[in-house]
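*Asks:* So I've got this file, model03.cif, and it contains mmCIF, C-alpha atoms and all ligand atoms:
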```
data_work
loop_
_atom_site.label_atom_id
_atom_site.label_comp_id
_atom_site.auth_asym_id
_atom_site.auth_seq_id
_atom_site.Cartn_x
_atom_site.Cartn_y
_atom_site.Cartn_z
CA MET A 68 17.42 -44.34 -44.22
CA SER A 69 16.76 -41.38 -41.97
CA ALA A 70 15.63 -38.00 -43.26
CA ALA A 71 15.41 -34.57 -41.66
CA ILE A 72 12.03 -33.01 -41.07
CA SER A 73 11.22 -29.49 -39.93
CA VAL A 74 8.30 -27.47 -38.67
CA SER A 75 8.25 -23.78 -37.69
CA GLY A 76 12.05 -23.64 -37.90
CA ARG A 77 12.60 -26.70 -35.68
CA ARG A 78 14.44 -29.45 -37.49
CA VAL A 79 14.72 -33.02 -36.25
CA GLU A 80 16.08 -36.24 -37.66
CA CYS A 81 13.41 -38.82 -38.46
CA ALA A 82 14.89 -42.31 -38.08
CA GLU A 83 14.07 -45.04 -40.52
CA ASP A 84 10.60 -46.41 -39.93
CA GLN A 85 9.76 -43.61 -37.51
CA SER A 86 6.62 -41.59 -38.12
CA ILE A 87 6.84 -37.81 -38.39
CA LEU A 88 4.84 -37.54 -35.18
CA GLU A 89 7.12 -39.87 -33.27
CA ALA A 90 10.25 -38.05 -34.46
CA PHE A 91 8.93 -34.68 -33.30
CA LEU A 92 7.58 -35.90 -29.96
CA ARG A 93 10.80 -37.74 -29.17
CA ALA A 94 12.62 -34.46 -29.75
CA GLY A 95 10.18 -32.66 -27.42
CA VAL A 96 8.55 -30.72 -30.27
CA TRP A 97 4.77 -30.54 -29.93
CA MET A 98 2.46 -31.66 -32.68
CA PRO A 99 -1.28 -32.26 -32.28
CA ASN A 100 -2.00 -35.94 -31.72
CA SER A 101 -4.59 -38.20 -30.23
CA CYS A 102 -5.07 -41.80 -31.41
CA ASN A 103 -1.60 -42.41 -32.90
CA GLN A 104 -3.18 -45.03 -35.14
CA GLY A 105 -4.47 -43.10 -38.12
CA THR A 106 -8.13 -42.93 -37.15
CA CYS A 107 -8.81 -39.52 -35.59
CA GLY A 108 -7.22 -37.10 -38.08
CA THR A 109 -5.91 -34.82 -35.31
CA CYS A 110 -2.34 -34.96 -36.60
CA LYS A 111 -3.12 -33.89 -40.17
CA LEU A 112 -0.41 -31.65 -41.55
CA GLN A 113 0.58 -29.90 -44.76
CA VAL A 114 3.73 -30.98 -46.57
CA LEU A 115 5.34 -27.74 -47.75
CA CYS A 116 8.30 -29.30 -49.51
CA GLY A 117 9.90 -32.72 -49.73
CA GLU A 118 8.04 -36.02 -50.01
CA VAL A 119 6.40 -38.46 -47.63
CA ASP A 120 5.32 -42.09 -47.72
CA HIS A 121 1.73 -42.24 -46.37
CA ARG A 122 2.13 -45.86 -45.27
CA ASP A 123 -1.05 -47.14 -43.65
CA SER A 124 -2.96 -43.83 -43.63
CA PRO A 125 -6.61 -44.93 -44.02
CA LEU A 126 -8.61 -43.34 -46.81
CA GLU A 127 -11.42 -42.56 -44.35
CA THR A 128 -9.03 -40.34 -42.39
CA LEU A 129 -6.95 -38.97 -45.27
CA THR A 130 -8.85 -38.88 -48.54
CA ALA A 131 -7.26 -39.16 -51.97
CA ASP A 132 -8.01 -35.48 -52.57
CA GLU A 133 -6.29 -34.53 -49.32
CA ARG A 134 -3.20 -36.52 -50.29
CA ALA A 135 -3.20 -34.84 -53.69
CA SER A 136 -3.32 -31.43 -52.02
CA GLY A 137 -0.26 -32.26 -49.91
CA LEU A 138 -1.86 -33.27 -46.63
CA ALA A 139 -0.51 -36.15 -44.55
CA LEU A 140 -1.12 -37.85 -41.22
CA ALA A 141 1.88 -37.23 -38.99
CA CYS A 142 1.33 -40.45 -37.03
CA GLN A 143 1.52 -42.58 -40.18
CA ALA A 144 3.67 -40.74 -42.73
CA ARG A 145 7.42 -41.14 -43.08
CA PRO A 146 9.60 -38.57 -44.84
CA LEU A 147 11.36 -39.99 -47.90
CA VAL A 148 13.66 -37.01 -48.31
CA GLU A 149 14.30 -33.85 -46.28
CA THR A 150 10.80 -32.50 -45.72
CA GLU A 151 9.20 -29.39 -44.29
CA VAL A 152 5.69 -29.47 -42.87
CA ALA A 153 3.24 -26.97 -41.43
CA LEU A 154 0.13 -27.17 -39.34
CA HIS A 155 -2.58 -24.67 -38.64
CA GLY A 156 -2.33 -22.91 -35.32
CA SER A 157 0.19 -20.72 -33.64
CA GLU A 158 1.47 -23.33 -31.21
CA MET A 159 3.36 -25.32 -33.79
CA GLY A 160 6.89 -26.11 -32.83
CA ARG A 161 6.45 -25.39 -29.12
CA THR A 162 8.24 -27.55 -26.59
CA THR A 163 6.39 -30.49 -25.06
CA HIS A 164 7.08 -33.50 -22.85
CA VAL A 165 9.57 -35.76 -24.56
CA LEU A 166 8.16 -39.05 -25.84
CA ARG A 167 10.21 -41.84 -24.27
CA ASP A 168 10.54 -45.61 -24.12
CA LEU A 169 10.60 -46.96 -20.60
CA THR A 170 10.81 -50.33 -18.96
CA ALA A 171 8.31 -50.53 -16.12
CA THR A 172 7.70 -53.10 -13.42
CA VAL A 173 4.19 -54.22 -12.53
CA VAL A 174 3.79 -53.23 -8.87
CA GLY A 175 0.05 -53.69 -8.49
CA VAL A 176 -2.80 -55.66 -10.05
CA GLU A 177 -6.24 -55.12 -8.55
CA ASP A 178 -9.74 -56.15 -9.62
CA ILE A 179 -11.80 -53.00 -9.16
CA ALA A 180 -15.06 -53.79 -10.97
CA ARG A 181 -16.51 -56.42 -13.25
CA ASP A 182 -13.94 -57.17 -15.95
CA THR A 183 -11.94 -54.13 -14.87
CA ARG A 184 -8.50 -53.94 -13.33
CA ARG A 185 -6.19 -51.31 -11.96
CA ILE A 186 -2.62 -51.91 -13.08
CA LEU A 187 0.21 -50.03 -11.37
CA LEU A 188 3.51 -49.72 -13.20
CA GLY A 189 6.61 -48.66 -11.28
CA LEU A 190 9.23 -46.63 -13.16
CA GLU A 191 12.91 -46.40 -12.45
CA GLU A 192 12.95 -42.77 -13.49
CA PRO A 193 10.02 -40.37 -13.32
CA LEU A 194 8.06 -39.71 -16.51
CA ALA A 195 7.15 -36.11 -17.34
CA PHE A 196 3.58 -35.81 -18.64
CA SER A 197 0.44 -33.73 -18.22
CA ALA A 198 -2.56 -35.18 -16.39
CA GLY A 199 -4.91 -36.77 -18.93
CA GLN A 200 -2.28 -38.07 -21.37
CA TYR A 201 -1.81 -41.73 -22.21
CA VAL A 202 0.97 -44.28 -22.66
CA GLU A 203 1.28 -47.21 -25.02
CA LEU A 204 2.05 -50.59 -23.56
CA LEU A 205 3.83 -53.22 -25.58
CA VAL A 206 1.92 -56.40 -24.82
CA PRO A 207 4.54 -58.92 -23.63
CA GLY A 208 5.20 -61.73 -26.07
CA THR A 209 3.63 -59.81 -28.97
CA ALA A 210 4.45 -56.87 -31.23
CA GLU A 211 1.14 -55.22 -30.34
CA ARG A 212 0.89 -51.86 -28.60
CA ARG A 213 -2.22 -50.72 -26.75
CA PRO A 214 -2.98 -47.23 -25.44
CA TYR A 215 -3.98 -46.67 -21.81
CA SER A 216 -4.84 -43.34 -20.24
CA LEU A 217 -3.02 -42.36 -17.07
CA ALA A 218 -5.12 -41.76 -13.96
CA ASN A 219 -2.19 -39.90 -12.41
CA THR A 220 -1.54 -36.26 -11.71
CA ALA A 221 1.78 -34.99 -13.07
CA GLU A 222 3.29 -35.18 -9.57
CA GLU A 223 2.54 -38.92 -9.42
CA ASP A 224 5.27 -39.60 -11.91
CA LYS A 225 6.94 -42.76 -10.60
CA VAL A 226 4.05 -45.21 -10.47
CA LEU A 227 1.71 -45.09 -13.46
CA GLU A 228 -1.92 -46.01 -12.82
CA LEU A 229 -3.89 -47.61 -15.66
CA HIS A 230 -7.51 -48.79 -15.63
CA VAL A 231 -8.10 -51.63 -18.05
CA ARG A 232 -11.29 -53.23 -19.23
CA ARG A 233 -11.35 -56.80 -20.43
CA VAL A 234 -12.00 -57.15 -24.16
CA PRO A 235 -13.01 -60.73 -24.98
CA GLY A 236 -10.27 -62.16 -27.20
CA GLY A 237 -8.28 -58.91 -26.99
CA VAL A 238 -4.54 -59.41 -27.19
CA ALA A 239 -3.83 -57.08 -24.25
CA SER A 240 -6.66 -58.58 -22.19
CA GLU A 241 -5.16 -62.03 -22.65
CA TRP A 242 -2.17 -60.81 -20.69
CA LEU A 243 -3.71 -58.22 -18.36
CA PHE A 244 -6.47 -60.60 -17.22
CA GLY A 245 -4.28 -63.65 -17.50
CA PRO A 246 -0.66 -64.22 -16.55
CA VAL A 247 0.23 -60.66 -15.52
CA ALA A 248 1.84 -60.61 -12.08
CA VAL A 249 3.59 -58.21 -9.73
CA GLY A 250 7.25 -58.11 -10.69
CA ASP A 251 6.65 -58.51 -14.44
CA ARG A 252 8.61 -56.17 -16.67
CA VAL A 253 6.84 -54.36 -19.46
CA GLU A 254 7.81 -51.85 -22.15
CA VAL A 255 5.93 -48.56 -22.12
CA CYS A 256 6.09 -45.60 -24.51
CA GLY A 257 4.74 -42.15 -23.64
CA PRO A 258 3.42 -39.65 -22.96
CA LEU A 259 1.04 -39.23 -25.90
CA GLY A 260 -2.12 -37.31 -26.68
CA ASP A 261 -3.45 -33.78 -26.40
CA PHE A 262 -6.20 -34.60 -23.92
CA HIS A 263 -4.74 -33.01 -20.81
CA VAL A 264 -5.07 -30.15 -18.37
CA PRO A 265 -3.74 -26.83 -19.60
CA ASP A 266 -0.49 -25.54 -18.15
CA ALA A 267 -1.01 -23.93 -14.75
CA ASP A 268 -0.51 -20.42 -16.19
CA ASP A 269 -3.29 -20.98 -18.72
CA ASP A 270 -5.75 -22.47 -16.22
CA GLU A 271 -8.20 -19.75 -15.31
CA GLY A 272 -10.16 -21.81 -12.82
CA GLU A 273 -13.33 -21.87 -14.93
CA PRO A 274 -16.13 -24.27 -13.94
CA MET A 275 -15.71 -27.67 -15.55
CA VAL A 276 -17.82 -30.68 -16.36
CA LEU A 277 -16.28 -34.09 -16.96
CA ILE A 278 -18.09 -37.03 -18.50
CA GLY A 279 -16.48 -40.46 -18.50
CA GLY A 280 -17.74 -43.84 -19.64
CA GLY A 281 -16.30 -47.01 -18.07
CA THR A 282 -12.52 -46.81 -17.82
CA GLY A 283 -12.79 -43.37 -19.41
CA LEU A 284 -12.84 -42.33 -15.77
CA ALA A 285 -9.05 -42.79 -15.59
CA PRO A 286 -7.77 -39.58 -17.21
CA LEU A 287 -10.63 -37.60 -15.69
CA LEU A 288 -9.35 -38.53 -12.23
CA GLY A 289 -5.96 -37.05 -13.07
CA ILE A 290 -7.49 -33.97 -14.70
CA ALA A 291 -10.03 -33.27 -11.95
CA ARG A 292 -7.52 -33.71 -9.14
CA THR A 293 -5.02 -31.42 -10.88
CA ALA A 294 -7.62 -28.76 -11.66
CA LEU A 295 -9.04 -28.80 -8.12
CA ALA A 296 -5.61 -28.63 -6.46
CA ARG A 297 -4.88 -25.51 -8.52
CA HIS A 298 -8.21 -23.83 -7.87
CA PRO A 299 -9.74 -25.42 -4.77
CA ASP A 300 -12.92 -23.34 -5.03
CA ARG A 301 -13.72 -24.10 -8.64
CA THR A 302 -16.92 -25.84 -9.64
CA ALA A 303 -16.34 -29.27 -11.16
CA VAL A 304 -19.04 -31.84 -11.87
CA LEU A 305 -18.18 -35.36 -12.98
CA TYR A 306 -20.69 -37.66 -14.68
CA TYR A 307 -19.57 -41.25 -14.59
CA GLY A 308 -21.53 -43.60 -16.81
CA VAL A 309 -21.44 -47.40 -16.86
CA ARG A 310 -23.91 -50.13 -17.68
CA THR A 311 -24.57 -51.62 -14.25
CA GLU A 312 -23.59 -51.07 -10.63
CA ALA A 313 -21.08 -53.92 -10.92
CA ASP A 314 -19.14 -51.84 -13.46
CA LEU A 315 -18.60 -48.88 -11.13
CA TYR A 316 -15.28 -48.37 -9.39
CA ASP A 317 -13.42 -45.68 -7.44
CA THR A 318 -16.62 -44.08 -6.17
CA ASP A 319 -14.99 -43.93 -2.72
CA ARG A 320 -12.17 -41.94 -4.27
CA LEU A 321 -14.66 -39.57 -5.87
CA ALA A 322 -16.50 -39.23 -2.55
CA GLU A 323 -13.22 -38.28 -0.85
CA LEU A 324 -12.63 -35.66 -3.51
CA ALA A 325 -16.12 -34.26 -2.94
CA GLU A 326 -15.39 -34.13 0.79
CA ARG A 327 -12.16 -32.25 0.26
CA TYR A 328 -13.38 -29.78 -2.37
CA ARG A 329 -16.77 -28.18 -1.82
CA GLY A 330 -17.14 -27.28 -5.49
CA PHE A 331 -16.70 -30.86 -6.68
CA SER A 332 -19.58 -33.27 -7.10
CA PHE A 333 -20.14 -36.45 -9.07
CA VAL A 334 -23.09 -38.32 -10.48
CA THR A 335 -23.09 -42.04 -11.27
CA VAL A 336 -25.29 -43.04 -14.19
CA LEU A 337 -26.35 -46.60 -15.00
CA SER A 338 -27.63 -47.30 -18.52
CA ARG A 339 -28.80 -50.89 -18.04
CA GLU A 340 -30.31 -51.11 -14.58
CA THR A 341 -32.05 -49.12 -11.92
CA ARG A 342 -30.40 -48.92 -8.52
CA PRO A 343 -30.87 -46.60 -5.58
CA GLY A 344 -28.24 -43.86 -5.39
CA HIS A 345 -27.58 -43.83 -9.14
CA ARG A 346 -29.21 -42.05 -12.05
CA GLY A 347 -30.62 -44.07 -14.92
CA GLY A 348 -29.89 -43.50 -18.62
CA TYR A 349 -26.83 -41.98 -20.25
CA ALA A 350 -24.31 -39.66 -18.69
CA PRO A 351 -24.56 -36.86 -21.32
CA ASP A 352 -28.36 -36.82 -20.88
CA ALA A 353 -27.97 -36.50 -17.11
CA PHE A 354 -25.72 -33.48 -17.67
CA VAL A 355 -28.31 -31.84 -19.95
CA GLU A 356 -31.00 -32.45 -17.33
CA ASP A 357 -28.93 -30.92 -14.54
CA ILE A 358 -27.08 -27.95 -16.03
CA ALA A 359 -29.13 -25.20 -17.66
CA SER A 360 -26.14 -23.35 -19.11
CA ALA A 361 -22.47 -24.31 -19.42
CA ARG A 362 -21.45 -21.05 -21.04
CA GLY A 363 -17.87 -20.31 -19.93
CA TRP A 364 -17.37 -23.85 -18.62
CA SER A 365 -14.79 -26.27 -19.96
CA GLY A 366 -15.86 -29.80 -20.84
CA TRP A 367 -13.90 -33.02 -20.68
CA LEU A 368 -15.10 -36.21 -22.35
CA CYS A 369 -13.52 -39.64 -22.33
CA GLY A 370 -14.92 -43.00 -23.33
CA SER A 371 -16.32 -44.75 -26.37
CA PRO A 372 -16.76 -42.75 -29.59
CA ALA A 373 -20.54 -42.79 -29.13
CA LEU A 374 -20.29 -41.41 -25.60
CA VAL A 375 -17.88 -38.69 -26.68
CA GLU A 376 -20.02 -37.68 -29.66
CA ALA A 377 -23.15 -37.55 -27.48
CA GLY A 378 -21.19 -35.52 -24.92
CA VAL A 379 -20.09 -32.95 -27.51
CA LYS A 380 -23.71 -32.48 -28.60
CA ALA A 381 -24.81 -32.14 -24.98
CA PHE A 382 -22.14 -29.52 -24.26
CA LYS A 383 -23.02 -27.50 -27.34
CA ARG A 384 -26.69 -27.70 -26.43
CA ARG A 385 -25.79 -26.11 -23.13
CA ARG A 386 -23.81 -23.40 -24.91
CA MET A 387 -20.28 -24.50 -24.10
CA ALA A 388 -17.75 -22.87 -26.46
CA PRO A 389 -16.29 -25.47 -28.87
CA ARG A 390 -12.73 -24.39 -27.98
CA LEU A 391 -13.40 -25.40 -24.37
CA ILE A 392 -14.54 -28.92 -25.29
CA HIS A 393 -11.80 -31.53 -24.82
CA ARG A 394 -12.29 -35.12 -25.87
CA GLU A 395 -10.58 -38.48 -25.84
CA LYS A 396 -12.15 -41.35 -27.74
CA PHE A 397 -11.29 -44.91 -26.87
CA GLU A 398 -11.24 -46.36 -30.36
CA PRO A 399 -11.56 -50.13 -30.54
CA ALA A 400 -8.41 -51.88 -31.72
CA THR A 401 -10.62 -54.32 -33.63
CA PRO A 402 -13.47 -53.51 -36.06
CA ARG A 403 -16.12 -51.47 -34.36
CA PRO A 404 -19.03 -53.26 -32.72
CA ALA A 405 -22.50 -51.73 -33.03
CA LEU A 406 -22.64 -48.30 -31.44
CA ALA A 407 -25.21 -49.46 -28.91
CA GLU A 408 -22.74 -52.05 -27.71
CA ILE A 409 -19.95 -49.60 -27.05
CA TYR A 410 -21.99 -46.66 -25.82
CA GLN A 411 -20.43 -46.66 -22.39
CA GLU A 412 -18.03 -49.52 -22.69
CA PRO A 413 -14.66 -48.36 -23.92
CA PRO A 414 -12.34 -51.14 -24.92
CA GLY A 415 -9.57 -51.72 -22.42
S1 LIG A 501 -4.74 -39.90 -37.01
FE1 LIG A 501 -2.78 -39.35 -36.27
S2 LIG A 501 -3.06 -39.04 -34.14
FE2 LIG A 501 -4.99 -39.79 -34.83
#
```
Do you think you could lay out the structure here as structure tokens?
*Replies:*
Amino acid sequence: MSAAISVSGRRVECAEDQSILEAFLRAGVWMPNSCNQGTCGTCKLQVLCGEVDHRDSPLETLTADERASGLALACQARPLVETEVALHGSEMGRTTHVLRDLTATVVGVEDIARDTRRILLGLEEPLAFSAGQYVELLVPGTAERRPYSLANTAEEDKVLELHVRRVPGGVASEWLFGPVAVGDRVEVCGPLGDFHVPDADDDEGEPMVLIGGGTGLAPLLGIARTALARHPDRTAVLYYGVRTEADLYDTDRLAELAERYRGFSFVTVLSRETRPGHRGGYAPDAFVEDIASARGWSGWLCGSPALVEAGVKAFKRRRMAPRLIHREKFEPATPRPALAEIYQEPPG
């Protein structure tokens, strides 16, 4: 049974078995969101009146005390009756890109690094999104959805570019590193996530630093290219961390960007081997070594939780304002391996 749900005076119908988050995003009403799987807590909201079913909300993300005080996770909770919710922040209820279901056609499959592929998905109609957001892909032959960041700028809206890393035994990897072929049809849902460039009017052209681990490079490519096209003279430094040289990809693309924009530079960082032309160690440490002060800079982090957490600490150490720190964690779909194992190896 559907039930109406409202926030800041905007009322939408929440279909049966639709989360509050999904109902709002499908109606083009913004709500903070990131993982869409109950792990990050970004979508926490206050139920003002009505009643919700918390469904699979994990206790680690939404404690019993929080439930008792009327909090809920928008990406998990379903309204049981007409419900009104509120979130902190003045942007609640603003218009956003509409969340849509699309059927895409695989138009490109390319091996770009060890256990890493670029998948291109052609769309019949363009998808409106902001650079840095992600889509969910329904793995063919299963009921499983997996999130993949877009490497596109918003203008590149007809062919979606995903970078995927093989996860041994992973349900999506079975397909993406197995039978996938050009011409295959696949269901995609998006855009999702709040990790994206600000609107052009809000982009002041401040210096930026981007740190990506593994396929965490994907959204940073879209973000950096968008930010540089808007402000060609801005300073932007990208730290790209992987384990070994064989894991690196798209360095030619980054070199082209550095050629085109004098303020852009990038640093490749290898954590497990020493090779000429690359730094050794971890990408956030390389940033701390290089940049004495990042006051007034914006920071963009994407990769494994450990990389993102280390990046936040590094940014704060270099005096970046917390409000200018943007992050996207690639949470494993399966139980977490040891942190050392996923330091720079986001699951694909
Ligand atoms: S917990 Fe809802 S978006 Fe992450």
*Asks:* Give me, as JSON lines, each residue of chain A that comes within 7 Å of ligand LIG 501 (chain A), together with its shortest interatomic pair and the distance in Å at one decimal, counting all atoms listed in the file, with rows ordered by chain and rising residue number.
*Replies:*
```
{"residue": "A:Asn100", "atom": "CA", "partner": "A:LIG501", "partner_atom": "S2", "distance": 4.1}
{"residue": "A:Ser101", "atom": "CA", "partner": "A:LIG501", "partner_atom": "S2", "distance": 4.3}
{"residue": "A:Cys102", "atom": "CA", "partner": "A:LIG501", "partner_atom": "FE2", "distance": 4.0}
{"residue": "A:Asn103", "atom": "CA", "partner": "A:LIG501", "partner_atom": "S2", "distance": 3.9}
{"residue": "A:Gln104", "atom": "CA", "partner": "A:LIG501", "partner_atom": "FE2", "distance": 5.6}
{"residue": "A:Gly105", "atom": "CA", "partner": "A:LIG501", "partner_atom": "S1", "distance": 3.4}
{"residue": "A:Thr106", "atom": "CA", "partner": "A:LIG501", "partner_atom": "S1", "distance": 4.5}
{"residue": "A:Cys107", "atom": "CA", "partner": "A:LIG501", "partner_atom": "FE2", "distance": 3.9}
{"residue": "A:Gly108", "atom": "CA", "partner": "A:LIG501", "partner_atom": "S1", "distance": 3.9}
{"residue": "A:Thr109", "atom": "CA", "partner": "A:LIG501", "partner_atom": "FE2", "distance": 5.1}
{"residue": "A:Cys110", "atom": "CA", "partner": "A:LIG501", "partner_atom": "FE1", "distance": 4.4}
{"residue": "A:Lys111", "atom": "CA", "partner": "A:LIG501", "partner_atom": "FE1", "distance": 6.7}
{"residue": "A:Thr128", "atom": "CA", "partner": "A:LIG501", "partner_atom": "S1", "distance": 6.9}
{"residue": "A:Leu140", "atom": "CA", "partner": "A:LIG501", "partner_atom": "FE1", "distance": 5.4}
{"residue": "A:Ala141", "atom": "CA", "partner": "A:LIG501", "partner_atom": "FE1", "distance": 5.8}
{"residue": "A:Cys142", "atom": "CA", "partner": "A:LIG501", "partner_atom": "FE1", "distance": 4.3}
{"residue": "A:Gln143", "atom": "CA", "partner": "A:LIG501", "partner_atom": "FE1", "distance": 6.6}
```
*Asks:* Which residues are near A:Ala90? Cut-off 12 Å, only C-alpha atoms, ignore same chain within fewer than 5 positions. Put them as a count of residues only.
*Replies:* 28
*Asks:* Which is closer to A:Val148 than all the others in A:Ala180, A:Ala94, A:Met68, A:Arg320, using all atoms listed in the file?
*Replies:*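 Looking at the shortest contact to A:Val148, the residue is A:Met68.
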*Asks:* So, counting only C-alpha atoms, which residue among A:Pro399, A:Gly280, A:Gly289, A:Gly260 is closest to A:Leu88?
*Replies:*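 Closest candidate: A:Gly260.
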*Asks:* Excluding same-chain residues fewer than 2 positions from stretch 222-235 of chain A, what lies within 8 Å of it counting all atoms listed in the file, as a ChimeraX atom specification?
*Replies:* /A:182-196,215-220,237,240,243-244,282,285,413-415
*Asks:* Have a look at atom CA of A:Arg93 and atom CA of A:Thr209 and let me know their distance in Å, one decimal.
*Replies:*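 According to the coordinates, atom CA of A:Arg93 and atom CA of A:Thr209 are separated by 23.2 Å.
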*Asks:* Using all atoms listed in the file, determine which residues lie at most 8 Å from A:Phe354, disregarding the query and same-chain residues fewer than 3 positions distant; provide the list as a ChimeraX atom specification.
*Replies:* /A:306,350-351,357-358,381
*Asks:* Give me the residues within 9 Å of A:Gly279 as a count of residues only, counting all atoms listed in the file and dropping any in the same chain fewer than 2 places off.
*Replies:* 22
*Asks:* Please indicate the distance in Å from atom CA of A:Asp120 to atom CA of A:Leu92, rounded to one decimal place.
*Replies:*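 About the pair atom CA of A:Asp120 and atom CA of A:Leu92: they are 18.9 Å apart.
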*Asks:* So, counting all atoms listed in the file, which residue among A:Gly363, A:Gly272, A:Gly208, A:Pro99 is closest to A:Thr293?
*Replies:* A:Gly272
*Asks:* Nearest residue to A:Asp261 out of A:Arg346, A:Ser86, A:Val202, A:Leu126, using all atoms listed in the file?
*Replies:*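 Among the listed residues, A:Val202 lies closest to A:Asp261.
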*Asks:* Applying 9 Å and all atoms listed in the file, which residues near A:His345 remain after dropping the ones on its own chain fewer than 3 positions away? List them as number ranges by chain.
*Replies:* A: 312, 334-337, 341-342
*Asks:* What does the distance between atom CA of A:Arg181 and atom CA of A:Tyr316 come to in Å, to one decimal place?
*Replies:* 9.0 Å
*Asks:* Go through A:Arg329, A:Phe382, A:Arg310, A:Gly236 and flag the residue nearest A:Gly347, using all atoms listed in the file for the distances.
*Replies:*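 Ranking A:Arg329, A:Phe382, A:Arg310, A:Gly236 by distance to A:Gly347, first place goes to A:Arg310.
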*Asks:* Choose the residue, out of A:Ile179, A:Val264, A:Val114, A:Ala373, that has the smallest atom-to-atom separation from A:Thr318; count all atoms listed in the file.
*Replies:*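 Nearest candidate to A:Thr318 out of A:Ile179, A:Val264, A:Val114, A:Ala373: A:Ile179.
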*Asks:* Emit as AutoDock Vina command-line options the padded axis-aligned box for all listed atoms of stretch 376-386 of chain A, 5 Å per side, with centre and edge lengths in Å to one decimal.
*Replies:*
```
--center_x -23.4 --center_y -30.5 --center_z -26.4 --size_x 16.7 --size_y 24.3 --size_z 16.5
```
